[in-house]
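Student: This is the content of entry_34.txt (compact mmCIF, N, CA and C atoms):
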```txt
# COMPACT_ATOMS: atom_id res chain seq x y z
N MET M 1 -94.65 -27.21 82.19
CA MET M 1 -93.93 -25.96 82.22
C MET M 1 -94.92 -24.80 82.18
N GLU M 2 -94.62 -23.85 82.98
CA GLU M 2 -95.45 -22.66 82.98
C GLU M 2 -95.05 -21.72 81.86
N SER M 3 -95.92 -20.80 81.58
CA SER M 3 -95.65 -19.84 80.52
C SER M 3 -94.48 -18.93 80.89
N SER M 4 -94.29 -18.66 82.18
CA SER M 4 -93.17 -17.80 82.59
C SER M 4 -91.83 -18.52 82.37
N GLU M 5 -91.80 -19.81 82.56
CA GLU M 5 -90.58 -20.57 82.32
C GLU M 5 -90.26 -20.60 80.83
N VAL M 6 -91.27 -20.76 80.01
CA VAL M 6 -91.08 -20.75 78.56
C VAL M 6 -90.57 -19.38 78.12
N LEU M 7 -91.16 -18.34 78.68
CA LEU M 7 -90.73 -16.98 78.36
C LEU M 7 -89.28 -16.76 78.81
N THR M 8 -88.89 -17.28 79.94
CA THR M 8 -87.52 -17.16 80.44
C THR M 8 -86.54 -17.86 79.50
N HIS M 9 -86.89 -19.06 79.05
CA HIS M 9 -86.02 -19.79 78.11
C HIS M 9 -85.88 -19.04 76.78
N ILE M 10 -86.99 -18.47 76.31
CA ILE M 10 -86.94 -17.71 75.06
C ILE M 10 -86.05 -16.48 75.22
N LEU M 11 -86.18 -15.78 76.32
CA LEU M 11 -85.36 -14.59 76.56
C LEU M 11 -83.87 -14.95 76.69
N GLN M 12 -83.56 -16.07 77.32
CA GLN M 12 -82.16 -16.50 77.43
C GLN M 12 -81.59 -16.83 76.05
N PHE M 13 -82.41 -17.35 75.18
CA PHE M 13 -81.97 -17.64 73.82
C PHE M 13 -81.78 -16.35 73.00
N LEU M 14 -82.66 -15.39 73.21
CA LEU M 14 -82.63 -14.15 72.43
C LEU M 14 -81.45 -13.25 72.79
N LYS M 15 -80.99 -13.28 74.01
CA LYS M 15 -79.88 -12.40 74.41
C LYS M 15 -78.62 -12.66 73.59
N PRO M 16 -78.12 -13.89 73.50
CA PRO M 16 -76.92 -14.11 72.67
C PRO M 16 -77.18 -13.88 71.18
N SER M 17 -78.35 -14.26 70.71
CA SER M 17 -78.62 -14.08 69.29
C SER M 17 -78.74 -12.61 68.93
N SER M 18 -79.27 -11.79 69.81
CA SER M 18 -79.35 -10.36 69.51
C SER M 18 -77.95 -9.73 69.52
N ALA M 19 -77.08 -10.22 70.38
CA ALA M 19 -75.70 -9.72 70.39
C ALA M 19 -75.00 -10.10 69.08
N ILE M 20 -75.25 -11.31 68.62
CA ILE M 20 -74.64 -11.76 67.37
C ILE M 20 -75.18 -10.93 66.20
N LEU M 21 -76.48 -10.69 66.18
CA LEU M 21 -77.07 -9.87 65.11
C LEU M 21 -76.52 -8.43 65.15
N GLY M 22 -76.35 -7.89 66.35
CA GLY M 22 -75.77 -6.56 66.48
C GLY M 22 -74.35 -6.51 65.95
N LEU M 23 -73.57 -7.53 66.28
CA LEU M 23 -72.19 -7.60 65.80
C LEU M 23 -72.15 -7.73 64.27
N LEU M 24 -73.05 -8.53 63.71
CA LEU M 24 -73.11 -8.66 62.25
C LEU M 24 -73.48 -7.33 61.59
N ALA M 25 -74.37 -6.57 62.20
CA ALA M 25 -74.75 -5.27 61.64
C ALA M 25 -73.56 -4.30 61.65
N VAL M 26 -72.80 -4.32 62.75
CA VAL M 26 -71.61 -3.45 62.84
C VAL M 26 -70.57 -3.86 61.81
N LEU M 27 -70.32 -5.15 61.66
CA LEU M 27 -69.36 -5.64 60.67
C LEU M 27 -69.79 -5.28 59.25
N LYS M 28 -71.08 -5.40 58.97
CA LYS M 28 -71.58 -5.04 57.64
C LYS M 28 -71.38 -3.55 57.38
N PHE M 29 -71.60 -2.71 58.38
CA PHE M 29 -71.39 -1.27 58.22
C PHE M 29 -69.93 -0.96 57.90
N PHE M 30 -68.99 -1.54 58.67
CA PHE M 30 -67.57 -1.29 58.42
C PHE M 30 -67.16 -1.80 57.03
N HIS M 31 -67.69 -2.92 56.64
CA HIS M 31 -67.38 -3.45 55.31
C HIS M 31 -67.87 -2.50 54.22
N SER M 32 -69.07 -1.98 54.39
CA SER M 32 -69.60 -1.06 53.37
C SER M 32 -68.80 0.23 53.31
N VAL M 33 -68.32 0.72 54.45
CA VAL M 33 -67.50 1.93 54.47
C VAL M 33 -66.18 1.68 53.74
N LEU M 34 -65.51 0.59 54.05
CA LEU M 34 -64.24 0.27 53.40
C LEU M 34 -64.44 -0.03 51.92
N ASP M 35 -65.50 -0.73 51.59
CA ASP M 35 -65.75 -1.08 50.20
C ASP M 35 -66.12 0.15 49.37
N SER M 36 -66.82 1.11 49.95
CA SER M 36 -67.19 2.30 49.19
C SER M 36 -65.96 3.12 48.83
N GLY M 37 -64.95 3.16 49.70
CA GLY M 37 -63.70 3.84 49.36
C GLY M 37 -63.00 3.18 48.20
N ARG M 38 -62.99 1.87 48.19
CA ARG M 38 -62.36 1.12 47.11
C ARG M 38 -63.12 1.31 45.80
N VAL M 39 -64.44 1.29 45.88
CA VAL M 39 -65.27 1.50 44.69
C VAL M 39 -65.04 2.90 44.15
N TYR M 40 -64.92 3.90 45.02
CA TYR M 40 -64.67 5.28 44.59
C TYR M 40 -63.36 5.37 43.82
N LYS M 41 -62.32 4.72 44.34
CA LYS M 41 -61.02 4.75 43.66
C LYS M 41 -61.09 4.06 42.30
N ILE M 42 -61.80 2.97 42.22
CA ILE M 42 -61.94 2.25 40.96
C ILE M 42 -62.71 3.10 39.95
N LYS M 43 -63.79 3.72 40.39
CA LYS M 43 -64.57 4.59 39.50
C LYS M 43 -63.74 5.78 39.03
N GLN M 44 -62.90 6.31 39.90
CA GLN M 44 -62.05 7.44 39.53
C GLN M 44 -61.05 7.02 38.45
N LEU M 45 -60.47 5.83 38.59
CA LEU M 45 -59.55 5.32 37.57
C LEU M 45 -60.27 5.05 36.25
N GLU M 46 -61.47 4.52 36.32
CA GLU M 46 -62.23 4.29 35.09
C GLU M 46 -62.54 5.60 34.39
N PHE M 47 -62.88 6.62 35.17
CA PHE M 47 -63.18 7.93 34.59
C PHE M 47 -61.94 8.54 33.96
N LEU M 48 -60.80 8.39 34.62
CA LEU M 48 -59.54 8.89 34.06
C LEU M 48 -59.22 8.18 32.75
N ASN M 49 -59.39 6.87 32.72
CA ASN M 49 -59.16 6.09 31.51
C ASN M 49 -60.09 6.54 30.38
N CYS M 50 -61.33 6.79 30.71
CA CYS M 50 -62.31 7.27 29.73
C CYS M 50 -61.90 8.63 29.18
N CYS M 51 -61.43 9.52 30.06
CA CYS M 51 -61.00 10.85 29.62
C CYS M 51 -59.79 10.76 28.70
N LEU M 52 -58.88 9.85 28.98
CA LEU M 52 -57.69 9.72 28.15
C LEU M 52 -58.01 9.13 26.78
N LYS M 53 -59.04 8.30 26.69
CA LYS M 53 -59.40 7.68 25.42
C LYS M 53 -60.17 8.63 24.52
N ASP M 54 -60.93 9.54 25.12
CA ASP M 54 -61.76 10.45 24.33
C ASP M 54 -60.91 11.41 23.53
N PRO M 55 -61.41 11.84 22.37
CA PRO M 55 -60.68 12.85 21.61
C PRO M 55 -60.65 14.16 22.40
N GLU M 56 -59.77 15.04 21.98
CA GLU M 56 -59.60 16.31 22.68
C GLU M 56 -60.94 17.04 22.81
N SER M 57 -61.22 17.48 24.02
CA SER M 57 -62.41 18.28 24.26
C SER M 57 -62.03 19.41 25.20
N GLY M 58 -62.91 20.36 25.34
CA GLY M 58 -62.62 21.54 26.14
C GLY M 58 -62.33 21.25 27.60
N GLY M 59 -63.03 20.32 28.18
CA GLY M 59 -62.87 20.04 29.60
C GLY M 59 -61.95 18.88 29.93
N LYS M 60 -61.39 18.26 28.92
CA LYS M 60 -60.56 17.07 29.15
C LYS M 60 -59.35 17.40 30.02
N ALA M 61 -58.63 18.45 29.69
CA ALA M 61 -57.42 18.80 30.45
C ALA M 61 -57.77 19.11 31.90
N TYR M 62 -58.82 19.89 32.10
CA TYR M 62 -59.24 20.26 33.46
C TYR M 62 -59.65 19.02 34.25
N THR M 63 -60.42 18.15 33.63
CA THR M 63 -60.90 16.94 34.31
C THR M 63 -59.73 16.05 34.72
N ILE M 64 -58.78 15.86 33.83
CA ILE M 64 -57.62 15.01 34.16
C ILE M 64 -56.78 15.65 35.27
N GLU M 65 -56.57 16.96 35.20
CA GLU M 65 -55.83 17.64 36.27
C GLU M 65 -56.51 17.45 37.61
N LYS M 66 -57.83 17.59 37.66
CA LYS M 66 -58.56 17.45 38.93
C LYS M 66 -58.54 16.00 39.44
N LEU M 67 -58.64 15.03 38.54
CA LEU M 67 -58.57 13.63 38.97
C LEU M 67 -57.20 13.29 39.56
N ILE M 68 -56.15 13.76 38.91
CA ILE M 68 -54.80 13.51 39.43
C ILE M 68 -54.60 14.26 40.75
N GLU M 69 -55.11 15.47 40.82
CA GLU M 69 -54.96 16.26 42.04
C GLU M 69 -55.68 15.59 43.22
N SER M 70 -56.85 15.04 42.99
CA SER M 70 -57.55 14.39 44.08
C SER M 70 -56.88 13.09 44.50
N SER M 71 -56.19 12.44 43.58
CA SER M 71 -55.49 11.20 43.91
C SER M 71 -54.17 11.44 44.63
N TYR M 72 -53.39 12.42 44.17
CA TYR M 72 -52.04 12.62 44.68
C TYR M 72 -51.89 13.87 45.54
N LYS M 73 -52.95 14.61 45.73
CA LYS M 73 -52.97 15.79 46.61
C LYS M 73 -51.97 16.86 46.19
N VAL M 74 -51.73 16.98 44.89
CA VAL M 74 -50.86 18.02 44.34
C VAL M 74 -51.36 18.34 42.93
N HIS M 75 -51.32 19.63 42.58
CA HIS M 75 -51.74 20.03 41.24
C HIS M 75 -50.60 19.77 40.25
N ILE M 76 -50.90 18.98 39.22
CA ILE M 76 -49.93 18.70 38.17
C ILE M 76 -50.56 19.17 36.86
N PRO M 77 -49.92 20.12 36.16
CA PRO M 77 -50.49 20.59 34.90
C PRO M 77 -50.70 19.44 33.91
N TYR M 78 -51.68 19.61 33.05
CA TYR M 78 -52.09 18.58 32.10
C TYR M 78 -50.93 18.08 31.24
N GLU M 79 -50.15 19.00 30.68
CA GLU M 79 -49.04 18.60 29.81
C GLU M 79 -48.02 17.76 30.57
N GLN M 80 -47.74 18.15 31.81
CA GLN M 80 -46.79 17.38 32.62
C GLN M 80 -47.38 16.03 33.02
N THR M 81 -48.67 15.98 33.24
CA THR M 81 -49.33 14.71 33.55
C THR M 81 -49.17 13.73 32.40
N LEU M 82 -49.34 14.21 31.18
CA LEU M 82 -49.19 13.33 30.02
C LEU M 82 -47.76 12.82 29.88
N VAL M 83 -46.78 13.69 30.15
CA VAL M 83 -45.37 13.27 30.07
C VAL M 83 -45.10 12.19 31.11
N ILE M 84 -45.59 12.39 32.33
CA ILE M 84 -45.36 11.40 33.39
C ILE M 84 -46.07 10.10 33.07
N MET M 85 -47.26 10.17 32.50
CA MET M 85 -48.02 8.95 32.18
C MET M 85 -47.34 8.10 31.11
N GLU M 86 -46.55 8.72 30.26
CA GLU M 86 -45.85 7.97 29.22
C GLU M 86 -44.62 7.23 29.77
N HIS M 87 -44.16 7.59 30.95
CA HIS M 87 -42.97 6.97 31.53
C HIS M 87 -43.33 5.61 32.14
N GLU M 88 -42.39 4.68 32.11
CA GLU M 88 -42.67 3.33 32.64
C GLU M 88 -42.83 3.30 34.15
N LYS M 89 -42.25 4.27 34.86
CA LYS M 89 -42.37 4.31 36.33
C LYS M 89 -43.30 5.45 36.75
N ARG M 90 -44.44 5.54 36.08
CA ARG M 90 -45.36 6.65 36.30
C ARG M 90 -45.89 6.73 37.73
N GLN M 91 -46.14 5.61 38.36
CA GLN M 91 -46.66 5.61 39.73
C GLN M 91 -45.68 6.27 40.69
N THR M 92 -44.42 5.93 40.58
CA THR M 92 -43.38 6.52 41.42
C THR M 92 -43.22 8.00 41.11
N LEU M 93 -43.26 8.36 39.84
CA LEU M 93 -43.11 9.76 39.46
C LEU M 93 -44.25 10.62 39.99
N PHE M 94 -45.47 10.12 39.92
CA PHE M 94 -46.59 10.87 40.48
C PHE M 94 -46.44 11.05 41.99
N ALA M 95 -46.01 10.00 42.66
CA ALA M 95 -45.84 10.07 44.12
C ALA M 95 -44.74 11.05 44.51
N LEU M 96 -43.70 11.15 43.69
CA LEU M 96 -42.56 12.03 44.01
C LEU M 96 -42.70 13.44 43.44
N TYR M 97 -43.72 13.68 42.67
CA TYR M 97 -43.83 14.97 41.97
C TYR M 97 -43.82 16.15 42.92
N LYS M 98 -44.55 16.07 44.01
CA LYS M 98 -44.68 17.20 44.93
C LYS M 98 -43.33 17.67 45.46
N SER M 99 -42.46 16.73 45.79
CA SER M 99 -41.16 17.11 46.35
C SER M 99 -40.11 17.38 45.28
N SER M 100 -40.38 17.04 44.04
CA SER M 100 -39.34 17.20 43.01
C SER M 100 -39.69 18.20 41.91
N GLU M 101 -40.89 18.76 41.92
CA GLU M 101 -41.30 19.62 40.80
C GLU M 101 -40.40 20.83 40.61
N LYS M 102 -39.82 21.37 41.69
CA LYS M 102 -38.98 22.57 41.54
C LYS M 102 -37.62 22.25 40.93
N TYR M 103 -37.28 20.98 40.79
CA TYR M 103 -35.99 20.58 40.21
C TYR M 103 -36.12 20.10 38.76
N LEU M 104 -37.36 19.98 38.28
CA LEU M 104 -37.59 19.38 36.97
C LEU M 104 -37.94 20.42 35.91
N ASP M 105 -37.53 20.11 34.69
CA ASP M 105 -37.82 20.95 33.54
C ASP M 105 -38.56 20.09 32.52
N PHE M 106 -39.81 20.45 32.22
CA PHE M 106 -40.62 19.72 31.26
C PHE M 106 -40.59 20.46 29.94
N LYS M 107 -40.09 19.77 28.90
CA LYS M 107 -40.03 20.34 27.55
C LYS M 107 -40.30 19.25 26.53
N GLU M 108 -41.04 19.60 25.52
CA GLU M 108 -41.25 18.72 24.36
C GLU M 108 -41.55 17.27 24.75
N ARG M 109 -42.53 17.08 25.58
CA ARG M 109 -43.01 15.76 26.01
C ARG M 109 -41.94 14.89 26.67
N GLN M 110 -41.01 15.55 27.38
CA GLN M 110 -40.03 14.84 28.20
C GLN M 110 -39.62 15.75 29.35
N PHE M 111 -38.93 15.18 30.31
CA PHE M 111 -38.50 15.98 31.44
C PHE M 111 -37.05 15.65 31.79
N SER M 112 -36.41 16.63 32.43
CA SER M 112 -35.03 16.45 32.87
C SER M 112 -34.81 17.38 34.06
N LEU M 113 -33.65 17.25 34.66
CA LEU M 113 -33.30 18.17 35.75
C LEU M 113 -33.05 19.55 35.18
N LEU M 114 -33.36 20.56 35.95
CA LEU M 114 -33.03 21.92 35.53
C LEU M 114 -31.52 22.02 35.37
N PRO M 115 -31.04 22.89 34.48
CA PRO M 115 -29.60 22.99 34.23
C PRO M 115 -28.77 23.24 35.50
N LYS M 116 -29.31 24.00 36.43
CA LYS M 116 -28.51 24.28 37.63
C LYS M 116 -28.37 23.06 38.55
N PHE M 117 -29.15 22.01 38.30
CA PHE M 117 -29.05 20.79 39.10
C PHE M 117 -28.48 19.61 38.31
N SER M 118 -28.07 19.83 37.09
CA SER M 118 -27.63 18.72 36.24
C SER M 118 -26.23 18.23 36.56
N SER M 119 -25.43 19.03 37.25
CA SER M 119 -24.08 18.62 37.61
C SER M 119 -23.97 18.51 39.12
N LEU M 120 -23.25 17.50 39.58
CA LEU M 120 -23.07 17.35 41.02
C LEU M 120 -22.27 18.50 41.62
N LYS M 121 -21.41 19.10 40.84
CA LYS M 121 -20.63 20.24 41.32
C LYS M 121 -21.52 21.44 41.59
N GLN M 122 -22.56 21.61 40.80
CA GLN M 122 -23.47 22.73 40.96
C GLN M 122 -24.56 22.43 41.99
N PHE M 123 -24.65 21.23 42.41
CA PHE M 123 -25.71 20.79 43.31
C PHE M 123 -25.29 21.06 44.75
N ASP M 124 -25.86 22.07 45.37
CA ASP M 124 -25.51 22.43 46.74
C ASP M 124 -26.56 21.87 47.69
N MET M 125 -26.20 20.90 48.48
CA MET M 125 -27.13 20.23 49.37
C MET M 125 -27.70 21.16 50.44
N LYS M 126 -27.02 22.23 50.76
CA LYS M 126 -27.52 23.13 51.80
C LYS M 126 -28.75 23.90 51.34
N ASN M 127 -28.90 24.11 50.07
CA ASN M 127 -30.00 24.90 49.55
C ASN M 127 -31.24 24.07 49.19
N ILE M 128 -31.20 22.79 49.46
CA ILE M 128 -32.31 21.93 49.08
C ILE M 128 -33.23 21.73 50.28
N ASP M 129 -34.48 21.99 50.05
CA ASP M 129 -35.50 21.76 51.07
C ASP M 129 -36.09 20.37 50.85
N LEU M 130 -35.75 19.42 51.69
CA LEU M 130 -36.21 18.04 51.52
C LEU M 130 -37.55 17.77 52.18
N LYS M 131 -38.11 18.76 52.82
CA LYS M 131 -39.41 18.57 53.47
C LYS M 131 -40.50 18.61 52.41
N PRO M 132 -41.43 17.64 52.46
CA PRO M 132 -42.50 17.60 51.44
C PRO M 132 -43.50 18.72 51.62
```
Written as structure tokens, that's how I'd like the structure from this file.

Tutor:
Amino acid sequence: MESSEVLTHILQFLKPSSAILGLLAVLKFFHSVLDSGRVYKIKQLEFLNCCLKDPESGGKAYTIEKLIESSYKVHIPYEQTLVIMEHEKRQTLFALYKSSEKYLDFKERQFSLLPKFSSLKQFDMKNIDLKP
């Protein structure tokens, strides 16, 4: 065999293997992008948990408000966040907060409908904006 034939065989072998290596590099990149988003969410939850465990400090309320705001894309005051967190369906309440905050009354570590919405007779469907 001549050296050119050997070189041809090596090049034929390298073409598929370089394509496979390229594909593996692309897959690794996409995995790292997806995994970094998941790691960010986990770190954010750990930080929130740490803030809730710490005794009262000056920045605790602000930090918790900002963490919740970045997660749910709506500003929820600290006191209302604590009330929602004590409820058993907190995940649903946080998700619905943006569309329901104008109907809720938060008092003394609990919440209820505003008095004008507490009766079905007083509840006028025409005046309700259901758009988020």

Student: What is the distance between atom CA of Ser100 of chain M and atom CA of Ile64 of chain M, in Å to one decimal?

Tutor: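 About the pair atom CA of Ser100 of chain M and atom CA of Ile64 of chain M: they are 20.4 Å apart.
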
Student: Between atom C of Ile84 of chain M and atom CA of Arg109 of chain M, what is the distance, to one decimal in Å?

Tutor: 9.6 Å

Student: Could you state the separation of atom CA of Tyr62 of chain M and atom CA of Leu34 of chain M in Å, given to one decimal place?

Tutor: 28.7 Å

Student: Write out as an MDAnalysis selection string the set of residues from chain M that DSSP, computed on the backbone, places in strand (DSSP E or B).

Tutor: chainID M and resid 104:107 110:113

Student: Excluding same-chain residues fewer than 5 positions from Phe94 of chain M, what lies within 8 Å of it counting all atoms listed in the file, as a PyMOL selection string?

Tutor: chain M and resi 72+84-85+89+99

Student: Can you tell me, as an NGL selection string, which residues in chain M count as helix (DSSP H, G or I) by DSSP?

Tutor: :M and (3-53 or 60-72 or 78-86 or 90-103 or 115-117 or 125-127)
